[in-house]
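Enquirer: data-v2.cif (mmCIF, C-alpha atoms (C1' of nucleotides)) pasted underneath:
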data_upload
loop_
_atom_site.label_atom_id
_atom_site.label_comp_id
_atom_site.auth_asym_id
_atom_site.auth_seq_id
_atom_site.Cartn_x
_atom_site.Cartn_y
_atom_site.Cartn_z
CA MET B 160 0.00 0.00 0.00
CA ALA B 161 0.90 3.58 -0.42
CA ASP B 162 1.54 4.07 3.26
CA ARG B 163 4.67 1.97 3.10
CA ASP B 164 6.83 4.00 0.80
CA TRP B 165 5.05 7.22 0.07
CA ARG B 166 8.15 9.17 0.98
CA CYS B 167 10.30 7.43 -1.56
CA GLU B 168 12.36 9.60 -3.81
CA ASP B 169 11.01 8.58 -7.17
CA PRO B 170 9.91 11.92 -8.66
CA GLU B 171 7.36 10.38 -10.99
CA GLN B 172 5.76 8.48 -8.13
CA GLN B 173 5.53 11.74 -6.22
CA LEU B 174 3.63 13.31 -9.06
CA VAL B 175 1.20 10.41 -9.19
CA TRP B 176 0.56 10.48 -5.47
CA ALA B 177 0.34 14.21 -5.32
CA SER B 178 -2.21 14.48 -8.07
CA ALA B 179 -4.27 11.56 -6.80
CA THR B 180 -4.30 12.95 -3.29
CA SER B 181 -5.06 16.41 -4.53
CA GLU B 182 -8.10 15.06 -6.34
CA ALA B 183 -9.15 13.08 -3.30
CA LEU B 184 -8.88 16.14 -1.13
CA ARG B 185 -11.19 18.04 -3.44
CA VAL B 186 -13.88 15.56 -2.46
CA LEU B 187 -13.57 16.75 1.13
CA GLU B 188 -13.36 20.43 0.29
CA GLY B 189 -16.32 22.57 1.06
CA LYS B 190 -17.18 24.26 4.27
CA TRP B 191 -19.59 21.60 5.51
CA LYS B 192 -18.49 18.30 4.02
CA ILE B 193 -16.19 17.11 6.75
CA VAL B 194 -18.79 18.19 9.27
CA ILE B 195 -21.43 16.13 7.51
CA ILE B 196 -19.14 13.13 7.34
CA ILE B 197 -18.26 13.32 11.01
CA GLN B 198 -21.92 13.56 11.92
CA LEU B 199 -22.73 10.51 9.83
CA PHE B 200 -19.89 8.60 11.43
CA ALA B 201 -21.05 9.58 14.86
CA ALA B 202 -24.65 8.68 14.22
CA LYS B 203 -23.78 5.13 13.13
CA SER B 204 -27.18 5.08 11.48
CA PRO B 205 -28.95 6.90 8.67
CA LEU B 206 -29.70 10.54 9.25
CA ARG B 207 -32.62 12.46 7.84
CA PHE B 208 -32.12 15.76 6.13
CA SER B 209 -33.70 17.64 8.98
CA GLU B 210 -31.57 15.73 11.47
CA LEU B 211 -28.42 16.85 9.71
CA GLU B 212 -29.72 20.37 9.50
CA ARG B 213 -30.40 20.33 13.22
CA ARG B 214 -27.01 18.92 14.15
CA ILE B 215 -25.00 21.26 11.99
CA GLU B 216 -25.21 24.74 13.39
CA GLY B 217 -24.99 27.58 10.95
CA VAL B 218 -25.75 25.73 7.75
CA ASN B 219 -28.67 26.64 5.56
CA GLN B 220 -30.75 24.36 3.38
CA LYS B 221 -29.17 25.30 0.12
CA MET B 222 -25.64 24.71 1.32
CA LEU B 223 -26.53 21.46 3.03
CA ILE B 224 -28.26 20.09 -0.04
CA GLN B 225 -25.48 21.25 -2.31
CA GLN B 226 -22.79 19.60 -0.24
CA LEU B 227 -24.82 16.42 0.17
CA ARG B 228 -25.35 16.22 -3.56
CA GLN B 229 -21.67 16.58 -4.23
CA LEU B 230 -20.84 13.94 -1.64
CA GLU B 231 -23.41 11.69 -3.28
CA LYS B 232 -21.95 12.31 -6.72
CA ASP B 233 -18.49 11.54 -5.39
CA GLY B 234 -19.70 8.28 -3.91
CA ILE B 235 -19.30 9.20 -0.25
CA VAL B 236 -22.91 9.16 0.86
CA THR B 237 -26.06 7.39 -0.23
CA ARG B 238 -29.37 9.12 -0.50
CA MET B 239 -32.44 7.05 0.25
CA VAL B 240 -35.83 8.46 -0.59
CA TYR B 241 -38.95 7.11 1.07
CA PRO B 242 -41.89 7.84 -1.19
CA GLN B 243 -44.35 8.90 1.44
CA VAL B 244 -46.12 11.93 2.79
CA PRO B 245 -44.56 13.81 4.40
CA PRO B 246 -41.33 13.15 2.49
CA LYS B 247 -38.52 11.32 4.20
CA VAL B 248 -34.96 11.19 2.96
CA GLU B 249 -32.11 9.49 4.73
CA TYR B 250 -28.40 9.77 4.20
CA THR B 251 -25.77 7.14 4.96
CA LEU B 252 -22.09 6.68 4.33
CA THR B 253 -21.13 4.41 1.46
CA GLU B 254 -18.28 1.95 1.78
CA MET B 255 -16.02 4.56 0.31
CA GLY B 256 -17.29 7.02 2.84
CA ILE B 257 -16.65 4.61 5.68
CA ALA B 258 -13.18 4.06 4.28
CA LEU B 259 -12.51 7.69 5.06
CA GLY B 260 -12.42 6.75 8.74
CA PRO B 261 -8.64 6.71 9.16
CA SER B 262 -8.26 9.97 7.28
CA VAL B 263 -10.90 11.70 9.34
CA GLU B 264 -9.39 10.29 12.48
CA ALA B 265 -5.93 11.53 11.58
CA LEU B 266 -7.33 14.91 10.68
CA ILE B 267 -9.19 15.19 13.96
CA ASP B 268 -6.07 14.22 15.81
CA TRP B 269 -4.01 16.79 13.97
CA ALA B 270 -6.64 19.45 14.41
CA PHE B 271 -6.49 19.03 18.17
CA MET B 272 -2.74 18.90 18.28
CA ARG B 273 -2.75 22.12 16.30
CA ARG B 274 -5.26 23.73 18.58
CA GLU B 275 -3.13 22.92 21.58
CA ALA B 276 0.02 24.07 19.82
CA LEU B 277 -1.57 27.39 18.94
CA GLY B 278 -2.54 27.53 22.58
CA SER B 279 -3.18 31.00 23.84
CA GLN B 280 -3.08 32.57 20.42
CA SER B 281 -6.16 34.30 19.18
CA GLU B 282 -8.39 32.16 17.03
CA THR B 283 -10.58 35.01 15.90
CA GLY B 284 -8.34 35.97 13.02
CA THR B 285 -8.26 39.59 14.07
CA ASP B 286 -4.61 39.91 13.14
CA LYS B 287 -4.86 41.49 9.75
CA SER B 288 -1.74 43.61 10.11
CA GLY B 289 0.35 41.18 8.09
CA MET P 173 -6.44 11.32 22.15
CA ALA P 174 -9.30 12.05 19.86
CA ASP P 175 -8.73 8.91 17.86
CA ARG P 176 -10.00 6.74 20.69
CA ASP P 177 -13.56 7.86 20.95
CA TRP P 178 -14.25 10.22 18.13
CA ARG P 179 -17.38 8.29 17.22
CA CYS P 180 -18.92 8.72 20.64
CA GLU P 181 -22.47 9.89 20.74
CA ASP P 182 -22.04 13.09 22.68
CA PRO P 183 -23.58 15.70 20.37
CA GLU P 184 -21.61 18.58 21.82
CA GLN P 185 -18.37 16.73 21.36
CA GLN P 186 -19.29 16.12 17.74
CA LEU P 187 -19.73 19.82 17.19
CA VAL P 188 -16.35 20.56 18.71
CA TRP P 189 -14.59 17.96 16.61
CA ALA P 190 -16.42 18.86 13.48
CA SER P 191 -15.61 22.53 13.72
CA ALA P 192 -12.00 21.95 14.69
CA THR P 193 -11.50 19.50 11.87
CA SER P 194 -13.27 21.75 9.44
CA GLU P 195 -10.86 24.54 10.32
CA ALA P 196 -7.90 22.22 10.06
CA LEU P 197 -9.03 21.08 6.66
CA ARG P 198 -9.14 24.64 5.46
CA VAL P 199 -5.39 24.76 6.01
CA LEU P 200 -5.01 22.02 3.42
CA GLU P 201 -7.45 23.50 0.96
CA GLY P 202 -6.09 25.02 -2.17
CA LYS P 203 -5.24 23.33 -5.38
CA TRP P 204 -1.51 23.01 -4.70
CA LYS P 205 -1.07 22.77 -0.94
CA ILE P 206 -1.20 19.04 -0.53
CA VAL P 207 1.08 18.71 -3.53
CA ILE P 208 3.60 21.05 -1.93
CA ILE P 209 3.41 19.18 1.34
CA ILE P 210 3.94 15.81 -0.29
CA GLN P 211 6.91 17.14 -2.20
CA LEU P 212 8.45 18.50 0.99
CA PHE P 213 7.88 15.19 2.73
CA ALA P 214 9.44 13.32 -0.16
CA ALA P 215 12.45 15.59 -0.37
CA LYS P 216 13.32 15.08 3.30
CA SER P 217 15.37 18.26 2.99
CA PRO P 218 14.73 21.93 2.30
CA LEU P 219 13.54 22.78 -1.19
CA ARG P 220 14.23 25.98 -3.04
CA PHE P 221 11.46 27.90 -4.67
CA SER P 222 12.69 26.97 -8.11
CA GLU P 223 12.92 23.33 -7.08
CA LEU P 224 9.31 23.30 -6.01
CA GLU P 225 8.31 25.06 -9.18
CA ARG P 226 10.15 22.45 -11.20
CA ARG P 227 8.66 19.49 -9.35
CA ILE P 228 5.10 20.69 -9.48
CA GLU P 229 3.86 20.55 -13.01
CA GLY P 230 1.26 23.08 -14.01
CA VAL P 231 1.72 25.59 -11.22
CA ASN P 232 2.70 29.15 -11.91
CA GLN P 233 4.75 31.46 -9.73
CA LYS P 234 1.89 33.46 -8.36
CA MET P 235 -0.03 30.42 -7.23
CA LEU P 236 3.03 28.75 -5.77
CA ILE P 237 3.98 31.83 -3.81
CA GLN P 238 0.43 32.37 -2.67
CA GLN P 239 0.01 28.84 -1.41
CA LEU P 240 3.43 28.84 0.24
CA ARG P 241 2.61 32.06 2.04
CA GLN P 242 -0.62 30.66 3.34
CA LEU P 243 1.10 27.48 4.49
CA GLU P 244 3.70 29.64 6.20
CA LYS P 245 1.04 31.74 7.88
CA ASP P 246 -0.71 28.59 9.05
CA GLY P 247 2.52 27.25 10.52
CA ILE P 248 2.99 24.34 8.13
CA VAL P 249 6.15 25.43 6.37
CA THR P 250 9.14 27.58 7.25
CA ARG P 251 10.61 30.05 4.83
CA MET P 252 14.34 30.59 5.07
CA VAL P 253 15.86 33.47 3.19
CA TYR P 254 19.56 33.50 2.41
CA PRO P 255 20.60 37.12 1.92
CA GLN P 256 22.84 36.62 -1.06
CA VAL P 257 23.03 37.33 -4.76
CA PRO P 258 21.35 35.68 -6.51
CA PRO P 259 18.61 35.25 -3.91
CA LYS P 260 18.06 31.86 -2.35
CA VAL P 261 14.96 30.86 -0.44
CA GLU P 262 14.33 27.44 1.04
CA TYR P 263 11.16 25.91 2.37
CA THR P 264 10.87 23.20 5.01
CA LEU P 265 8.09 21.58 6.96
CA THR P 266 7.59 22.78 10.50
CA GLU P 267 6.88 20.37 13.30
CA MET P 268 3.22 20.95 12.72
CA GLY P 269 3.74 20.23 9.07
CA ILE P 270 5.55 17.01 9.83
CA ALA P 271 2.73 16.08 12.16
CA LEU P 272 0.51 16.01 9.12
CA GLY P 273 2.24 12.79 8.07
CA PRO P 274 -0.46 10.36 9.24
CA SER P 275 -3.20 12.47 7.68
CA VAL P 276 -1.40 12.70 4.36
CA GLU P 277 -0.69 9.00 4.50
CA ALA P 278 -4.30 8.12 5.15
CA LEU P 279 -5.40 10.46 2.40
CA ILE P 280 -2.99 8.92 -0.09
CA ASP P 281 -4.18 5.49 0.88
CA TRP P 282 -7.79 6.45 0.45
CA ALA P 283 -7.09 8.20 -2.81
CA PHE P 284 -5.66 5.01 -4.25
CA MET P 285 -8.41 2.83 -2.91
CA ARG P 286 -10.85 5.21 -4.49
CA ARG P 287 -9.03 5.17 -7.78
CA GLU P 288 -9.15 1.40 -7.85
CA ALA P 289 -12.79 1.37 -6.84
CA LEU P 290 -13.68 3.77 -9.61
CA GLY P 291 -11.75 1.41 -11.82
CA SER P 292 -12.44 1.71 -15.51
CA GLN P 293 -14.49 4.85 -15.16
CA SER P 294 -13.31 7.88 -17.04
CA GLU P 295 -11.10 10.18 -15.02
CA THR P 296 -11.05 12.96 -17.54
CA GLY P 297 -14.26 14.47 -16.33
CA THR P 298 -15.79 14.47 -19.80
CA ASP P 299 -19.11 13.25 -18.50
CA LYS P 300 -21.10 16.43 -18.29
CA SER P 301 -24.41 14.88 -19.24
CA GLY P 302 -25.56 14.69 -15.62
"C1'" DC F 157 16.57 33.58 -8.71
"C1'" DC F 158 12.69 35.05 -6.23
"C1'" DG F 159 8.68 37.49 -5.80
"C1'" DC F 160 5.16 41.33 -6.28
"C1'" DA F 161 1.22 43.97 -8.79
"C1'" DT F 162 -2.48 44.04 -11.94
"C1'" DC F 163 -6.33 42.38 -14.28
"C1'" DC F 164 -9.62 38.95 -15.21
"C1'" DT F 165 -12.90 34.70 -14.87
"C1'" DA F 166 -14.91 30.90 -12.41
"C1'" DA F 167 -16.46 28.95 -8.40
"C1'" DG F 168 -17.76 28.98 -3.46
"C1'" DA F 169 -20.83 30.68 -0.09
"C1'" DG F 170 -25.02 32.51 1.63
"C1'" DA F 171 -29.78 35.07 2.20
"C1'" DT F 172 -34.36 34.86 0.77
"C1'" DA F 173 -38.48 33.35 -1.27
"C1'" DC F 174 -41.10 29.66 -3.40
"C1'" DT F 175 -42.90 24.50 -4.45
"C1'" DG F 176 -44.80 19.52 -4.00
"C1'" DC T 265 -40.27 17.64 5.33
"C1'" DA T 266 -37.27 18.17 1.61
"C1'" DG T 267 -35.87 20.60 -2.10
"C1'" DT T 268 -35.55 24.43 -6.05
"C1'" DA T 269 -34.62 29.09 -7.96
"C1'" DT T 270 -32.66 33.55 -7.96
"C1'" DC T 271 -29.68 37.06 -6.61
"C1'" DT T 272 -25.49 38.87 -4.38
"C1'" DC T 273 -20.91 38.94 -2.37
"C1'" DT T 274 -16.45 37.01 -1.58
"C1'" DT T 275 -12.69 34.12 -2.57
"C1'" DA T 276 -9.79 30.99 -5.41
"C1'" DG T 277 -7.34 30.42 -9.45
"C1'" DG T 278 -4.62 31.98 -13.30
"C1'" DA T 279 -2.07 34.90 -17.32
"C1'" DT T 280 1.07 38.41 -17.87
"C1'" DG T 281 4.41 41.85 -17.02
"C1'" DC T 282 7.73 44.32 -13.80
"C1'" DG T 283 11.28 44.82 -9.93
"C1'" DG T 284 15.09 43.70 -6.34
#
Can you present the structure in this file as structure tokens?
Expert:
Amino acid sequence: MADRDWRCEDPEQQLVWASATSEALRVLEGKWKIVIIIQLFAAKSPLRFSELERRIEGVNQKMLIQQLRQLEKDGIVTRMVYPQVPPKVEYTLTEMGIALGPSVEALIDWAFMRREALGSQSETGTDKSG
Amino acid sequence: MADRDWRCEDPEQQLVWASATSEALRVLEGKWKIVIIIQLFAAKSPLRFSELERRIEGVNQKMLIQQLRQLEKDGIVTRMVYPQVPPKVEYTLTEMGIALGPSVEALIDWAFMRREALGSQSETGTDKSG
DNA sequence: CCGCATCCTAAGAGATACTG
DNA sequence: CAGTATCTCTTAGGATGCGG
């Protein structure tokens, strides 16, 4: 697997990895995608649209739908529609979405390490002097 | 660490993780950042600006500088200027950058799994019928 | 060799109102 | 409940030319 020798010095291999990873990362880009994924992991069960909306503070319908659609298109989540009144739609992680586990885990870990490292520094981004 | 119980069911904890990870991910966003980071990992030694430019196909100076500056601001890379003629500038990973190793590794791994899973599907993005 | 300034286009993000 | 449509603002991305 790639995790054995990804630091090897073969320049061509670097290019392959870099471009593949760059593409993969684009799947996670978007202000709410990682949040959605973490919520789905945490739930361990399908989540309705309104459930996601409730759990994710600050998101609006358009953004949530847009991000969900992109995740669906990229094969990360599955959208299940129950043809009933009132409508019911549930979202789950696909196998490929579940396979993101280690990445998400590593990212969470790094995020917290970073937060601790930044420590007392302002996180409000008020430093615009630079 | 977070990797022990990040799937716990505490809703508040989810929000904390999700937002922290979302912020962390923003550090990696940008078309060339992960590419730069992988190149720096692979090099195992400082890289000059021109070296990076040479190794990263398709990037132009403005983008490379822009992304490097953001990575520097976010504490991922260090910029070392040698006051000489002609100018020489070298970039290295900071400790926080090196700490990204597991995340990058997991991402590379997932990227390749995904590529295999997609298999024979077109990767050129020519399918615009949807 | 390294980097900045300018100008431009495309995409991301969000508020609001409307539909089945 | 779930989703669409429209409009607006900001940011990312990129081509080109100039300067220390």
Enquirer: Sort by chain and increasing residue number a table of all residues of chain T within 8 Å of chain B, each with its closest pair of atoms and their distance in Å to one decimal, counting all atoms listed in the file, and write it as a tab-separated table.
Expert:
residue	atom	partner	partner_atom	distance
T:DC265	C1'	B:Pro246	CA	5.4
T:DA266	C1'	B:Pro246	CA	6.5
T:DG267	C1'	B:Ile224	CA	7.9
Enquirer: With chain P held fixed, move chain B onto it by a least-squares fit of all C-alpha atoms in order and give the output as a PDB file with C-alpha atoms, in the frame of the given file.
Expert:
ATOM      1  CA  MET B 160      -6.630  11.301  22.059  1.00  0.00           C
ATOM      2  CA  ALA B 161      -9.399  12.022  19.689  1.00  0.00           C
ATOM      3  CA  ASP B 162      -8.834   8.852  17.734  1.00  0.00           C
ATOM      4  CA  ARG B 163     -10.142   6.744  20.576  1.00  0.00           C
ATOM      5  CA  ASP B 164     -13.707   7.894  20.796  1.00  0.00           C
ATOM      6  CA  TRP B 165     -14.350  10.245  17.946  1.00  0.00           C
ATOM      7  CA  ARG B 166     -17.439   8.295  16.999  1.00  0.00           C
ATOM      8  CA  CYS B 167     -19.047   8.715  20.367  1.00  0.00           C
ATOM      9  CA  GLU B 168     -22.593   9.914  20.415  1.00  0.00           C
ATOM     10  CA  ASP B 169     -22.217  13.089  22.398  1.00  0.00           C
ATOM     11  CA  PRO B 170     -23.715  15.704  20.052  1.00  0.00           C
ATOM     12  CA  GLU B 171     -21.774  18.587  21.544  1.00  0.00           C
ATOM     13  CA  GLN B 172     -18.506  16.714  21.141  1.00  0.00           C
ATOM     14  CA  GLN B 173     -19.407  16.116  17.514  1.00  0.00           C
ATOM     15  CA  LEU B 174     -19.824  19.814  16.971  1.00  0.00           C
ATOM     16  CA  VAL B 175     -16.453  20.540  18.535  1.00  0.00           C
ATOM     17  CA  TRP B 176     -14.672  17.938  16.459  1.00  0.00           C
ATOM     18  CA  ALA B 177     -16.464  18.855  13.308  1.00  0.00           C
ATOM     19  CA  SER B 178     -15.651  22.518  13.546  1.00  0.00           C
ATOM     20  CA  ALA B 179     -12.051  21.918  14.575  1.00  0.00           C
ATOM     21  CA  THR B 180     -11.522  19.473  11.748  1.00  0.00           C
ATOM     22  CA  SER B 181     -13.255  21.731   9.301  1.00  0.00           C
ATOM     23  CA  GLU B 182     -10.858  24.514  10.220  1.00  0.00           C
ATOM     24  CA  ALA B 183      -7.901  22.177   9.984  1.00  0.00           C
ATOM     25  CA  LEU B 184      -8.982  21.047   6.563  1.00  0.00           C
ATOM     26  CA  ARG B 185      -9.074  24.628   5.358  1.00  0.00           C
ATOM     27  CA  VAL B 186      -5.335  24.713   5.957  1.00  0.00           C
ATOM     28  CA  LEU B 187      -4.929  21.968   3.369  1.00  0.00           C
ATOM     29  CA  GLU B 188      -7.376  23.427   0.885  1.00  0.00           C
ATOM     30  CA  GLY B 189      -6.001  24.964  -2.227  1.00  0.00           C
ATOM     31  CA  LYS B 190      -5.109  23.288  -5.435  1.00  0.00           C
ATOM     32  CA  TRP B 191      -1.393  22.968  -4.721  1.00  0.00           C
ATOM     33  CA  LYS B 192      -0.983  22.743  -0.966  1.00  0.00           C
ATOM     34  CA  ILE B 193      -1.116  19.007  -0.539  1.00  0.00           C
ATOM     35  CA  VAL B 194       1.184  18.687  -3.519  1.00  0.00           C
ATOM     36  CA  ILE B 195       3.678  21.037  -1.916  1.00  0.00           C
ATOM     37  CA  ILE B 196       3.492  19.178   1.368  1.00  0.00           C
ATOM     38  CA  ILE B 197       4.032  15.810  -0.258  1.00  0.00           C
ATOM     39  CA  GLN B 198       7.017  17.152  -2.148  1.00  0.00           C
ATOM     40  CA  LEU B 199       8.532  18.517   1.041  1.00  0.00           C
ATOM     41  CA  PHE B 200       7.972  15.210   2.779  1.00  0.00           C
ATOM     42  CA  ALA B 201       9.555  13.348  -0.067  1.00  0.00           C
ATOM     43  CA  ALA B 202      12.554  15.616  -0.268  1.00  0.00           C
ATOM     44  CA  LYS B 203      13.418  15.136   3.416  1.00  0.00           C
ATOM     45  CA  SER B 204      15.445  18.309   3.087  1.00  0.00           C
ATOM     46  CA  PRO B 205      14.805  21.973   2.373  1.00  0.00           C
ATOM     47  CA  LEU B 206      13.619  22.816  -1.095  1.00  0.00           C
ATOM     48  CA  ARG B 207      14.303  26.018  -2.961  1.00  0.00           C
ATOM     49  CA  PHE B 208      11.528  27.920  -4.620  1.00  0.00           C
ATOM     50  CA  SER B 209      12.737  26.973  -8.054  1.00  0.00           C
ATOM     51  CA  GLU B 210      13.037  23.345  -6.990  1.00  0.00           C
ATOM     52  CA  LEU B 211       9.402  23.296  -5.959  1.00  0.00           C
ATOM     53  CA  GLU B 212       8.417  25.043  -9.137  1.00  0.00           C
ATOM     54  CA  ARG B 213      10.288  22.435 -11.138  1.00  0.00           C
ATOM     55  CA  ARG B 214       8.799  19.484  -9.289  1.00  0.00           C
ATOM     56  CA  ILE B 215       5.232  20.680  -9.438  1.00  0.00           C
ATOM     57  CA  GLU B 216       4.014  20.532 -12.989  1.00  0.00           C
ATOM     58  CA  GLY B 217       1.440  23.058 -14.020  1.00  0.00           C
ATOM     59  CA  VAL B 218       1.873  25.577 -11.244  1.00  0.00           C
ATOM     60  CA  ASN B 219       2.822  29.153 -11.919  1.00  0.00           C
ATOM     61  CA  GLN B 220       4.858  31.477  -9.743  1.00  0.00           C
ATOM     62  CA  LYS B 221       1.980  33.444  -8.381  1.00  0.00           C
ATOM     63  CA  MET B 222       0.038  30.401  -7.275  1.00  0.00           C
ATOM     64  CA  LEU B 223       3.083  28.726  -5.791  1.00  0.00           C
ATOM     65  CA  ILE B 224       4.042  31.792  -3.796  1.00  0.00           C
ATOM     66  CA  GLN B 225       0.485  32.363  -2.678  1.00  0.00           C
ATOM     67  CA  GLN B 226       0.067  28.826  -1.428  1.00  0.00           C
ATOM     68  CA  LEU B 227       3.477  28.833   0.238  1.00  0.00           C
ATOM     69  CA  ARG B 228       2.654  32.054   2.021  1.00  0.00           C
ATOM     70  CA  GLN B 229      -0.584  30.656   3.318  1.00  0.00           C
ATOM     71  CA  LEU B 230       1.136  27.483   4.476  1.00  0.00           C
ATOM     72  CA  GLU B 231       3.721  29.652   6.199  1.00  0.00           C
ATOM     73  CA  LYS B 232       1.043  31.750   7.864  1.00  0.00           C
ATOM     74  CA  ASP B 233      -0.701  28.598   9.029  1.00  0.00           C
ATOM     75  CA  GLY B 234       2.510  27.279  10.522  1.00  0.00           C
ATOM     76  CA  ILE B 235       3.019  24.362   8.148  1.00  0.00           C
ATOM     77  CA  VAL B 236       6.188  25.449   6.405  1.00  0.00           C
ATOM     78  CA  THR B 237       9.153  27.615   7.276  1.00  0.00           C
ATOM     79  CA  ARG B 238      10.645  30.073   4.877  1.00  0.00           C
ATOM     80  CA  MET B 239      14.370  30.652   5.127  1.00  0.00           C
ATOM     81  CA  VAL B 240      15.891  33.531   3.235  1.00  0.00           C
ATOM     82  CA  TYR B 241      19.591  33.588   2.448  1.00  0.00           C
ATOM     83  CA  PRO B 242      20.628  37.187   1.944  1.00  0.00           C
ATOM     84  CA  GLN B 243      22.871  36.698  -1.026  1.00  0.00           C
ATOM     85  CA  VAL B 244      23.067  37.336  -4.726  1.00  0.00           C
ATOM     86  CA  PRO B 245      21.440  35.656  -6.483  1.00  0.00           C
ATOM     87  CA  PRO B 246      18.652  35.245  -3.919  1.00  0.00           C
ATOM     88  CA  LYS B 247      18.111  31.886  -2.308  1.00  0.00           C
ATOM     89  CA  VAL B 248      15.025  30.889  -0.382  1.00  0.00           C
ATOM     90  CA  GLU B 249      14.404  27.492   1.109  1.00  0.00           C
ATOM     91  CA  TYR B 250      11.237  25.946   2.414  1.00  0.00           C
ATOM     92  CA  THR B 251      10.925  23.249   5.066  1.00  0.00           C
ATOM     93  CA  LEU B 252       8.144  21.618   7.004  1.00  0.00           C
ATOM     94  CA  THR B 253       7.611  22.825  10.550  1.00  0.00           C
ATOM     95  CA  GLU B 254       6.882  20.399  13.354  1.00  0.00           C
ATOM     96  CA  MET B 255       3.225  20.973  12.739  1.00  0.00           C
ATOM     97  CA  GLY B 256       3.770  20.255   9.099  1.00  0.00           C
ATOM     98  CA  ILE B 257       5.600  17.043   9.885  1.00  0.00           C
ATOM     99  CA  ALA B 258       2.752  16.120  12.196  1.00  0.00           C
ATOM    100  CA  LEU B 259       0.561  16.021   9.126  1.00  0.00           C
ATOM    101  CA  GLY B 260       2.317  12.801   8.134  1.00  0.00           C
ATOM    102  CA  PRO B 261      -0.391  10.379   9.260  1.00  0.00           C
ATOM    103  CA  SER B 262      -3.113  12.473   7.675  1.00  0.00           C
ATOM    104  CA  VAL B 263      -1.299  12.703   4.380  1.00  0.00           C
ATOM    105  CA  GLU B 264      -0.564   9.019   4.515  1.00  0.00           C
ATOM    106  CA  ALA B 265      -4.192   8.142   5.139  1.00  0.00           C
ATOM    107  CA  LEU B 266      -5.272  10.461   2.373  1.00  0.00           C
ATOM    108  CA  ILE B 267      -2.832   8.931  -0.078  1.00  0.00           C
ATOM    109  CA  ASP B 268      -4.023   5.502   0.879  1.00  0.00           C
ATOM    110  CA  TRP B 269      -7.639   6.471   0.407  1.00  0.00           C
ATOM    111  CA  ALA B 270      -6.914   8.218  -2.850  1.00  0.00           C
ATOM    112  CA  PHE B 271      -5.455   5.029  -4.279  1.00  0.00           C
ATOM    113  CA  MET B 272      -8.203   2.850  -2.940  1.00  0.00           C
ATOM    114  CA  ARG B 273     -10.642   5.228  -4.579  1.00  0.00           C
ATOM    115  CA  ARG B 274      -8.783   5.181  -7.839  1.00  0.00           C
ATOM    116  CA  GLU B 275      -8.895   1.416  -7.907  1.00  0.00           C
ATOM    117  CA  ALA B 276     -12.546   1.374  -6.900  1.00  0.00           C
ATOM    118  CA  LEU B 277     -13.441   3.766  -9.694  1.00  0.00           C
ATOM    119  CA  GLY B 278     -11.475   1.426 -11.900  1.00  0.00           C
ATOM    120  CA  SER B 279     -12.410   1.623 -15.523  1.00  0.00           C
ATOM    121  CA  GLN B 280     -14.558   4.686 -15.098  1.00  0.00           C
ATOM    122  CA  SER B 281     -13.589   7.793 -16.948  1.00  0.00           C
ATOM    123  CA  GLU B 282     -11.504  10.209 -14.951  1.00  0.00           C
ATOM    124  CA  THR B 283     -11.778  13.015 -17.451  1.00  0.00           C
ATOM    125  CA  GLY B 284     -15.034  14.321 -16.062  1.00  0.00           C
ATOM    126  CA  THR B 285     -16.673  14.327 -19.457  1.00  0.00           C
ATOM    127  CA  ASP B 286     -19.960  13.144 -18.012  1.00  0.00           C
ATOM    128  CA  LYS B 287     -21.835  16.377 -17.730  1.00  0.00           C
ATOM    129  CA  SER B 288     -25.228  14.897 -18.540  1.00  0.00           C
ATOM    130  CA  GLY B 289     -26.232  14.765 -14.889  1.00  0.00           C
TER     131      GLY B 289
END
Enquirer: Applied to this file, what does the PyMOL selection byres ((chain T and resi 276) around 12) return in terms of residues, put as a VMD selection string?
Expert: (chain P and resid 201 to 204 235 238 to 239) or (chain F and resid 165 to 168) or (chain T and resid 274 to 275 277 to 278)
Enquirer: Could you check how far CA of Ala196 (chain P) sits from CA of Glu267 (chain P), in Å to one decimal?
Expert: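 Distance between the two atoms: 15.2 Å.
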Enquirer: Around the point (4.6, 24.6, 8.0), in the coordinates given by the file, pick out the residues reaching within 10 Å, counting only C-alpha atoms (C1' of nucleotides), and return them as a VMD selection string.
Expert: chain P and resid 209 240 to 251 263 to 272
Enquirer: With the file shown as input, list the residues that the PyMOL selection byres ((chain F) within 10 of (chain B)) selects, as a PDB file with C-alpha atoms (C1' of nucleotides), in the frame of the given file.
Expert:
ATOM      1  C1'  DG F 168     -17.760  28.980  -3.460  1.00  0.00           C
ATOM      2  C1'  DA F 169     -20.830  30.680  -0.090  1.00  0.00           C
ATOM      3  C1'  DG F 170     -25.020  32.510   1.630  1.00  0.00           C
ATOM      4  C1'  DA F 171     -29.780  35.070   2.200  1.00  0.00           C
ATOM      5  C1'  DG F 176     -44.800  19.520  -4.000  1.00  0.00           C
TER       6       DG F 176
END
Enquirer: With chain P as the partner and 6 Å as the cut-off, tabulate the residues of chain B that qualify, each row holding the nearest pair of atoms and their distance in Å to one decimal, using all atoms listed in the file, sorted by chain and rising number, as CSV.
Expert:
residue,atom,partner,partner_atom,distance
B:Ala161,CA,P:Asp281,CA,5.6
B:Asp162,CA,P:Glu277,CA,5.6
B:Arg166,CA,P:Ala214,CA,4.5
B:Glu168,CA,P:Ala214,CA,6.0
B:Ala177,CA,P:Val207,CA,4.9
B:Ala179,CA,P:Ala283,CA,5.9
B:Thr180,CA,P:Ile280,CA,5.3
B:Ala183,CA,P:Ala283,CA,5.3
B:Val194,CA,P:Ala190,CA,4.9
B:Ala201,CA,P:Arg179,CA,4.6
B:Ser262,CA,P:Ala278,CA,4.9
B:Glu264,CA,P:Asp175,CA,5.6
B:Ala265,CA,P:Ser275,CA,4.9
B:Leu266,CA,P:Ser275,CA,5.7
B:Ile267,CA,P:Thr193,CA,5.3
B:Asp268,CA,P:Ala174,CA,5.6
B:Ala270,CA,P:Ala196,CA,5.3
